[in-house]
Amino acid sequence: MSKIFYLMGKSASGKDTIYKEIKEQLPGFKPIVIYTTRPIREGEKEGVEYFFVDDDKVEQLQKQGKIIELREYNTVHGIWKYFTVDDGQFDSKEHLLAIGTLESYVRLKTYFGAEKLVPLYVEVEDGLRLERALSRERKQKQPKYEELCRRFLADAEDFSEDKLRQAGIAKRFLNLDMEKCIHEILLCINANL
């Protein structure tokens, strides 16, 4: 396995858009797709953003010992699980590109070793991030504003300065200008090849 370039940031920091652009600009990199039990959102595709599964599938994968890390979120719509599975995606000679949370990054770093992971942490000022999240949610057929607020508040704790420091996140990519942010991330990736 080559290196895993791990993109992360708070919700509405632009990481999904950045991830898609990096995948396009680095077609030789293999994207890692994680699993979730949450409902699919409008515009998402199975096997692209996530593998959408039910709790029975989670239990099956747990019994097989294939789950690397699993996070549960008590949302306003019930428990949603997000998790990474050792399902063959990591068995690659290509460099890998993944997207997730700080918690999942730390667990993958433990599982694969720190030398295999390169963190790519995207930051946005909270007010701008909230505006972006609200704009995105308004476009949904059934906006879930309560969940948006829950995620926004949870991110303050999940990405606290203490947790970032403990995870060894030193480099940050400010996403005020998407093109500039992507350019800086690509420079970082190239420097770590």
# chains A, B, ... in the order shown; residues from 1 in each chain; ligands from 1
call {"tool": "residues_around", "arguments": {"residues": "stretch 170-173 of chain A", "least_positions_apart": "6", "cutoff": "6 Å", "atoms": "only C-alpha atoms", "output": "PDB file with N, CA and C atoms, in the first residue's frame"}}
result
ATOM      1  N   TYR A 121      -6.019  19.028   6.273  1.00  0.00           N
ATOM      2  CA  TYR A 121      -7.092  19.629   7.077  1.00  0.00           C
ATOM      3  C   TYR A 121      -7.524  20.974   6.489  1.00  0.00           C
ATOM      4  N   VAL A 122      -8.805  21.054   6.118  1.00  0.00           N
ATOM      5  CA  VAL A 122      -9.383  22.256   5.504  1.00  0.00           C
ATOM      6  C   VAL A 122     -10.129  23.052   6.565  1.00  0.00           C
ATOM      7  N   GLU A 123      -9.877  24.365   6.591  1.00  0.00           N
ATOM      8  CA  GLU A 123     -10.515  25.251   7.568  1.00  0.00           C
ATOM      9  C   GLU A 123     -11.295  26.360   6.878  1.00  0.00           C
TER      10      GLU A 123
END
call {"tool": "residues_around", "arguments": {"residues": "A:Pro119", "least_positions_apart": "3", "cutoff": "7 Å", "atoms": "only C-alpha atoms", "output": "JSON list (two decimals) with N, CA and C atoms, in the first residue's frame"}}
result
[["chain", "number", "residue", "atom", "x", "y", "z"],
["A", 5, "PHE", "N", -3.73, 9.88, 1.46],
["A", 5, "PHE", "CA", -3.89, 11.33, 1.64],
["A", 5, "PHE", "C", -5.29, 11.54, 2.17],
["A", 6, "TYR", "N", -5.38, 12.04, 3.41],
["A", 6, "TYR", "CA", -6.64, 12.04, 4.15],
["A", 6, "TYR", "C", -7.18, 13.46, 4.32],
["A", 7, "LEU", "N", -8.22, 13.77, 3.57],
["A", 7, "LEU", "CA", -8.84, 15.09, 3.59],
["A", 7, "LEU", "C", -9.91, 15.15, 4.67],
["A", 169, "ILE", "N", -2.05, 17.40, 13.76],
["A", 169, "ILE", "CA", -2.40, 18.24, 12.61],
["A", 169, "ILE", "C", -1.70, 19.58, 12.78]]
call {"tool": "residues_around", "arguments": {"residues": "stretch 58-65 of chain A", "least_positions_apart": "6", "cutoff": "12 Å", "atoms": "only C-alpha atoms", "output": "PyMOL selection string"}}
result
chain A and resi 35-37+51-52+71-72+80-87
call {"tool": "write_last_selection", "arguments": {"atoms": "C-alpha atoms", "output": "CSV table (one decimal), in the first residue's frame"}}
result
chain,number,residue,atom,x,y,z
A,35,TYR,CA,-19.8,3.3,4.5
A,36,THR,CA,-22.9,4.9,6.2
A,37,THR,CA,-26.3,4.0,7.4
A,51,PHE,CA,-21.7,2.9,0.4
A,52,PHE,CA,-25.2,3.2,1.8
A,71,ARG,CA,-18.5,6.3,14.5
A,72,GLU,CA,-22.2,6.6,15.6
A,80,TRP,CA,-26.4,7.2,11.8
A,81,LYS,CA,-23.2,5.2,11.5
A,82,TYR,CA,-20.2,6.1,9.4
A,83,PHE,CA,-17.4,3.6,9.1
A,84,THR,CA,-14.3,2.5,7.2
A,85,VAL,CA,-14.1,-1.1,6.1
A,86,ASP,CA,-11.0,-3.2,5.1
A,87,ASP,CA,-12.8,-4.5,2.0
call {"tool": "residues_around", "arguments": {"residues": "A:Arg150", "least_positions_apart": "5", "cutoff": "10 Å", "atoms": "only C-alpha atoms", "output": "ChimeraX atom specification"}}
result
/A:73-76,145,155
call {"tool": "closest_residue", "arguments": {"among": "A:Glu146, A:Asp126, A:Glu69, A:Glu184", "to": "A:Leu108", "atoms": "only C-alpha atoms"}}
result
A:Glu69
call {"tool": "closest_residue", "arguments": {"among": "A:Arg41, A:Leu117, A:Ala154, A:Lys15", "to": "A:His95", "atoms": "only C-alpha atoms"}}
result
A:Leu117
call {"tool": "closest_residue", "arguments": {"among": "A:Glu125, A:Glu137, A:Asp158, A:Asp91", "to": "A:Ser104", "atoms": "only C-alpha atoms"}}
result
A:Asp158
call {"tool": "atom_distance", "arguments": {"atom1": "atom CA of A:Ala133", "atom2": "atom CA of A:Ser11"}}
result
7.4 Å
call {"tool": "residues_around", "arguments": {"residues": "A:Val124", "least_positions_apart": "6", "cutoff": "7 Å", "atoms": "only C-alpha atoms", "output": "list in words"}}
result
Ser13, Leu174, Asn175 and Leu176 of chain A
call {"tool": "decode", "arguments": {"residues": "stretch 56-106 of chain A", "atoms": "N, CA and C atoms", "output": "PDB file, in the first residue's frame"}}
result
ATOM      1  N   ASP A  56     -28.041  -4.311   9.452  1.00  0.00           N
ATOM      2  CA  ASP A  56     -27.720  -5.731   9.279  1.00  0.00           C
ATOM      3  C   ASP A  56     -26.358  -5.896   8.603  1.00  0.00           C
ATOM      4  N   LYS A  57     -26.078  -5.065   7.622  1.00  0.00           N
ATOM      5  CA  LYS A  57     -24.784  -5.119   6.924  1.00  0.00           C
ATOM      6  C   LYS A  57     -23.651  -4.717   7.875  1.00  0.00           C
ATOM      7  N   VAL A  58     -23.899  -3.721   8.729  1.00  0.00           N
ATOM      8  CA  VAL A  58     -22.895  -3.310   9.716  1.00  0.00           C
ATOM      9  C   VAL A  58     -22.556  -4.490  10.622  1.00  0.00           C
ATOM     10  N   GLU A  59     -23.584  -5.165  11.108  1.00  0.00           N
ATOM     11  CA  GLU A  59     -23.386  -6.313  11.990  1.00  0.00           C
ATOM     12  C   GLU A  59     -22.605  -7.426  11.284  1.00  0.00           C
ATOM     13  N   GLN A  60     -22.949  -7.675  10.030  1.00  0.00           N
ATOM     14  CA  GLN A  60     -22.251  -8.700   9.243  1.00  0.00           C
ATOM     15  C   GLN A  60     -20.763  -8.362   9.103  1.00  0.00           C
ATOM     16  N   LEU A  61     -20.446  -7.104   8.767  1.00  0.00           N
ATOM     17  CA  LEU A  61     -19.056  -6.677   8.605  1.00  0.00           C
ATOM     18  C   LEU A  61     -18.302  -6.725   9.933  1.00  0.00           C
ATOM     19  N   GLN A  62     -18.988  -6.409  11.031  1.00  0.00           N
ATOM     20  CA  GLN A  62     -18.354  -6.485  12.351  1.00  0.00           C
ATOM     21  C   GLN A  62     -18.005  -7.935  12.694  1.00  0.00           C
ATOM     22  N   LYS A  63     -18.914  -8.840  12.420  1.00  0.00           N
ATOM     23  CA  LYS A  63     -18.658 -10.262  12.699  1.00  0.00           C
ATOM     24  C   LYS A  63     -17.491 -10.788  11.878  1.00  0.00           C
ATOM     25  N   GLN A  64     -17.318 -10.245  10.670  1.00  0.00           N
ATOM     26  CA  GLN A  64     -16.218 -10.653   9.797  1.00  0.00           C
ATOM     27  C   GLN A  64     -14.904  -9.971  10.176  1.00  0.00           C
ATOM     28  N   GLY A  65     -14.933  -9.022  11.128  1.00  0.00           N
ATOM     29  CA  GLY A  65     -13.735  -8.311  11.558  1.00  0.00           C
ATOM     30  C   GLY A  65     -13.187  -7.349  10.514  1.00  0.00           C
ATOM     31  N   LYS A  66     -14.049  -6.837   9.665  1.00  0.00           N
ATOM     32  CA  LYS A  66     -13.602  -5.983   8.567  1.00  0.00           C
ATOM     33  C   LYS A  66     -13.693  -4.483   8.855  1.00  0.00           C
ATOM     34  N   ILE A  67     -14.359  -4.100   9.925  1.00  0.00           N
ATOM     35  CA  ILE A  67     -14.519  -2.674  10.215  1.00  0.00           C
ATOM     36  C   ILE A  67     -13.272  -2.140  10.915  1.00  0.00           C
ATOM     37  N   ILE A  68     -12.641  -1.157  10.289  1.00  0.00           N
ATOM     38  CA  ILE A  68     -11.435  -0.524  10.836  1.00  0.00           C
ATOM     39  C   ILE A  68     -11.816   0.484  11.913  1.00  0.00           C
ATOM     40  N   GLU A  69     -12.805   1.287  11.610  1.00  0.00           N
ATOM     41  CA  GLU A  69     -13.270   2.303  12.549  1.00  0.00           C
ATOM     42  C   GLU A  69     -14.737   2.567  12.270  1.00  0.00           C
ATOM     43  N   LEU A  70     -15.477   2.879  13.351  1.00  0.00           N
ATOM     44  CA  LEU A  70     -16.905   3.130  13.237  1.00  0.00           C
ATOM     45  C   LEU A  70     -17.281   4.251  14.192  1.00  0.00           C
ATOM     46  N   ARG A  71     -18.046   5.195  13.671  1.00  0.00           N
ATOM     47  CA  ARG A  71     -18.550   6.308  14.486  1.00  0.00           C
ATOM     48  C   ARG A  71     -20.065   6.304  14.426  1.00  0.00           C
ATOM     49  N   GLU A  72     -20.697   6.544  15.559  1.00  0.00           N
ATOM     50  CA  GLU A  72     -22.157   6.639  15.627  1.00  0.00           C
ATOM     51  C   GLU A  72     -22.540   8.047  16.043  1.00  0.00           C
ATOM     52  N   TYR A  73     -23.518   8.602  15.352  1.00  0.00           N
ATOM     53  CA  TYR A  73     -24.000   9.948  15.658  1.00  0.00           C
ATOM     54  C   TYR A  73     -25.481   9.862  15.973  1.00  0.00           C
ATOM     55  N   ASN A  74     -25.844  10.387  17.136  1.00  0.00           N
ATOM     56  CA  ASN A  74     -27.238  10.425  17.541  1.00  0.00           C
ATOM     57  C   ASN A  74     -27.858  11.680  16.933  1.00  0.00           C
ATOM     58  N   THR A  75     -28.370  11.541  15.723  1.00  0.00           N
ATOM     59  CA  THR A  75     -28.918  12.683  14.997  1.00  0.00           C
ATOM     60  C   THR A  75     -30.376  12.889  15.387  1.00  0.00           C
ATOM     61  N   VAL A  76     -30.941  13.979  14.913  1.00  0.00           N
ATOM     62  CA  VAL A  76     -32.360  14.232  15.167  1.00  0.00           C
ATOM     63  C   VAL A  76     -33.226  13.228  14.404  1.00  0.00           C
ATOM     64  N   HIS A  77     -32.637  12.443  13.514  1.00  0.00           N
ATOM     65  CA  HIS A  77     -33.353  11.435  12.730  1.00  0.00           C
ATOM     66  C   HIS A  77     -33.005  10.017  13.162  1.00  0.00           C
ATOM     67  N   GLY A  78     -32.333   9.886  14.288  1.00  0.00           N
ATOM     68  CA  GLY A  78     -31.937   8.578  14.782  1.00  0.00           C
ATOM     69  C   GLY A  78     -30.435   8.386  14.701  1.00  0.00           C
ATOM     70  N   ILE A  79     -29.967   7.175  14.994  1.00  0.00           N
ATOM     71  CA  ILE A  79     -28.532   6.859  14.984  1.00  0.00           C
ATOM     72  C   ILE A  79     -28.075   6.643  13.547  1.00  0.00           C
ATOM     73  N   TRP A  80     -27.059   7.415  13.143  1.00  0.00           N
ATOM     74  CA  TRP A  80     -26.423   7.223  11.837  1.00  0.00           C
ATOM     75  C   TRP A  80     -25.002   6.765  12.099  1.00  0.00           C
ATOM     76  N   LYS A  81     -24.565   5.752  11.359  1.00  0.00           N
ATOM     77  CA  LYS A  81     -23.218   5.207  11.502  1.00  0.00           C
ATOM     78  C   LYS A  81     -22.410   5.534  10.255  1.00  0.00           C
ATOM     79  N   TYR A  82     -21.164   5.867  10.480  1.00  0.00           N
ATOM     80  CA  TYR A  82     -20.198   6.090   9.409  1.00  0.00           C
ATOM     81  C   TYR A  82     -18.999   5.223   9.753  1.00  0.00           C
ATOM     82  N   PHE A  83     -18.458   4.519   8.760  1.00  0.00           N
ATOM     83  CA  PHE A  83     -17.355   3.623   9.101  1.00  0.00           C
ATOM     84  C   PHE A  83     -16.498   3.278   7.885  1.00  0.00           C
ATOM     85  N   THR A  84     -15.285   2.859   8.200  1.00  0.00           N
ATOM     86  CA  THR A  84     -14.315   2.461   7.191  1.00  0.00           C
ATOM     87  C   THR A  84     -14.138   0.958   7.282  1.00  0.00           C
ATOM     88  N   VAL A  85     -14.139   0.315   6.123  1.00  0.00           N
ATOM     89  CA  VAL A  85     -14.077  -1.138   6.059  1.00  0.00           C
ATOM     90  C   VAL A  85     -12.813  -1.568   5.315  1.00  0.00           C
ATOM     91  N   ASP A  86     -12.144  -2.562   5.846  1.00  0.00           N
ATOM     92  CA  ASP A  86     -11.009  -3.159   5.149  1.00  0.00           C
ATOM     93  C   ASP A  86     -11.592  -4.186   4.173  1.00  0.00           C
ATOM     94  N   ASP A  87     -12.049  -3.664   3.032  1.00  0.00           N
ATOM     95  CA  ASP A  87     -12.784  -4.458   2.043  1.00  0.00           C
ATOM     96  C   ASP A  87     -12.008  -4.632   0.734  1.00  0.00           C
ATOM     97  N   GLY A  88     -10.706  -4.407   0.792  1.00  0.00           N
ATOM     98  CA  GLY A  88      -9.879  -4.536  -0.402  1.00  0.00           C
ATOM     99  C   GLY A  88      -9.504  -3.206  -1.022  1.00  0.00           C
ATOM    100  N   GLN A  89     -10.178  -2.137  -0.626  1.00  0.00           N
ATOM    101  CA  GLN A  89      -9.867  -0.824  -1.200  1.00  0.00           C
ATOM    102  C   GLN A  89      -8.444  -0.367  -0.875  1.00  0.00           C
ATOM    103  N   PHE A  90      -7.914  -0.810   0.256  1.00  0.00           N
ATOM    104  CA  PHE A  90      -6.583  -0.375   0.685  1.00  0.00           C
ATOM    105  C   PHE A  90      -5.472  -1.239   0.097  1.00  0.00           C
ATOM    106  N   ASP A  91      -5.836  -2.329  -0.559  1.00  0.00           N
ATOM    107  CA  ASP A  91      -4.858  -3.238  -1.157  1.00  0.00           C
ATOM    108  C   ASP A  91      -4.475  -2.724  -2.533  1.00  0.00           C
ATOM    109  N   SER A  92      -3.730  -1.651  -2.569  1.00  0.00           N
ATOM    110  CA  SER A  92      -3.420  -0.990  -3.829  1.00  0.00           C
ATOM    111  C   SER A  92      -1.984  -0.497  -3.815  1.00  0.00           C
ATOM    112  N   LYS A  93      -1.372  -0.540  -4.969  1.00  0.00           N
ATOM    113  CA  LYS A  93      -0.038   0.041  -5.115  1.00  0.00           C
ATOM    114  C   LYS A  93      -0.139   1.530  -5.436  1.00  0.00           C
ATOM    115  N   GLU A  94      -1.341   1.971  -5.776  1.00  0.00           N
ATOM    116  CA  GLU A  94      -1.576   3.388  -6.071  1.00  0.00           C
ATOM    117  C   GLU A  94      -1.682   4.165  -4.762  1.00  0.00           C
ATOM    118  N   HIS A  95      -1.415   5.466  -4.854  1.00  0.00           N
ATOM    119  CA  HIS A  95      -1.677   6.320  -3.700  1.00  0.00           C
ATOM    120  C   HIS A  95      -3.183   6.420  -3.540  1.00  0.00           C
ATOM    121  N   LEU A  96      -3.619   6.582  -2.290  1.00  0.00           N
ATOM    122  CA  LEU A  96      -5.042   6.584  -1.975  1.00  0.00           C
ATOM    123  C   LEU A  96      -5.476   7.967  -1.518  1.00  0.00           C
ATOM    124  N   LEU A  97      -6.729   8.299  -1.838  1.00  0.00           N
ATOM    125  CA  LEU A  97      -7.312   9.566  -1.428  1.00  0.00           C
ATOM    126  C   LEU A  97      -8.571   9.257  -0.627  1.00  0.00           C
ATOM    127  N   ALA A  98      -8.624   9.762   0.612  1.00  0.00           N
ATOM    128  CA  ALA A  98      -9.765   9.498   1.487  1.00  0.00           C
ATOM    129  C   ALA A  98     -10.278  10.809   2.061  1.00  0.00           C
ATOM    130  N   ILE A  99     -11.539  10.769   2.478  1.00  0.00           N
ATOM    131  CA  ILE A  99     -12.164  11.934   3.105  1.00  0.00           C
ATOM    132  C   ILE A  99     -12.892  11.458   4.347  1.00  0.00           C
ATOM    133  N   GLY A 100     -12.813  12.228   5.428  1.00  0.00           N
ATOM    134  CA  GLY A 100     -13.480  11.806   6.651  1.00  0.00           C
ATOM    135  C   GLY A 100     -13.329  12.817   7.767  1.00  0.00           C
ATOM    136  N   THR A 101     -13.408  12.314   8.975  1.00  0.00           N
ATOM    137  CA  THR A 101     -13.352  13.148  10.168  1.00  0.00           C
ATOM    138  C   THR A 101     -11.979  13.034  10.830  1.00  0.00           C
ATOM    139  N   LEU A 102     -11.743  13.894  11.786  1.00  0.00           N
ATOM    140  CA  LEU A 102     -10.502  13.820  12.559  1.00  0.00           C
ATOM    141  C   LEU A 102     -10.438  12.498  13.316  1.00  0.00           C
ATOM    142  N   GLU A 103     -11.546  12.087  13.880  1.00  0.00           N
ATOM    143  CA  GLU A 103     -11.607  10.822  14.617  1.00  0.00           C
ATOM    144  C   GLU A 103     -11.263   9.638  13.715  1.00  0.00           C
ATOM    145  N   SER A 104     -11.823   9.615  12.513  1.00  0.00           N
ATOM    146  CA  SER A 104     -11.530   8.495  11.606  1.00  0.00           C
ATOM    147  C   SER A 104     -10.074   8.543  11.141  1.00  0.00           C
ATOM    148  N   TYR A 105      -9.536   9.741  10.939  1.00  0.00           N
ATOM    149  CA  TYR A 105      -8.124   9.885  10.568  1.00  0.00           C
ATOM    150  C   TYR A 105      -7.230   9.262  11.644  1.00  0.00           C
ATOM    151  N   VAL A 106      -7.510   9.586  12.905  1.00  0.00           N
ATOM    152  CA  VAL A 106      -6.696   9.074  14.017  1.00  0.00           C
ATOM    153  C   VAL A 106      -6.753   7.544  14.066  1.00  0.00           C
TER     154      VAL A 106
END
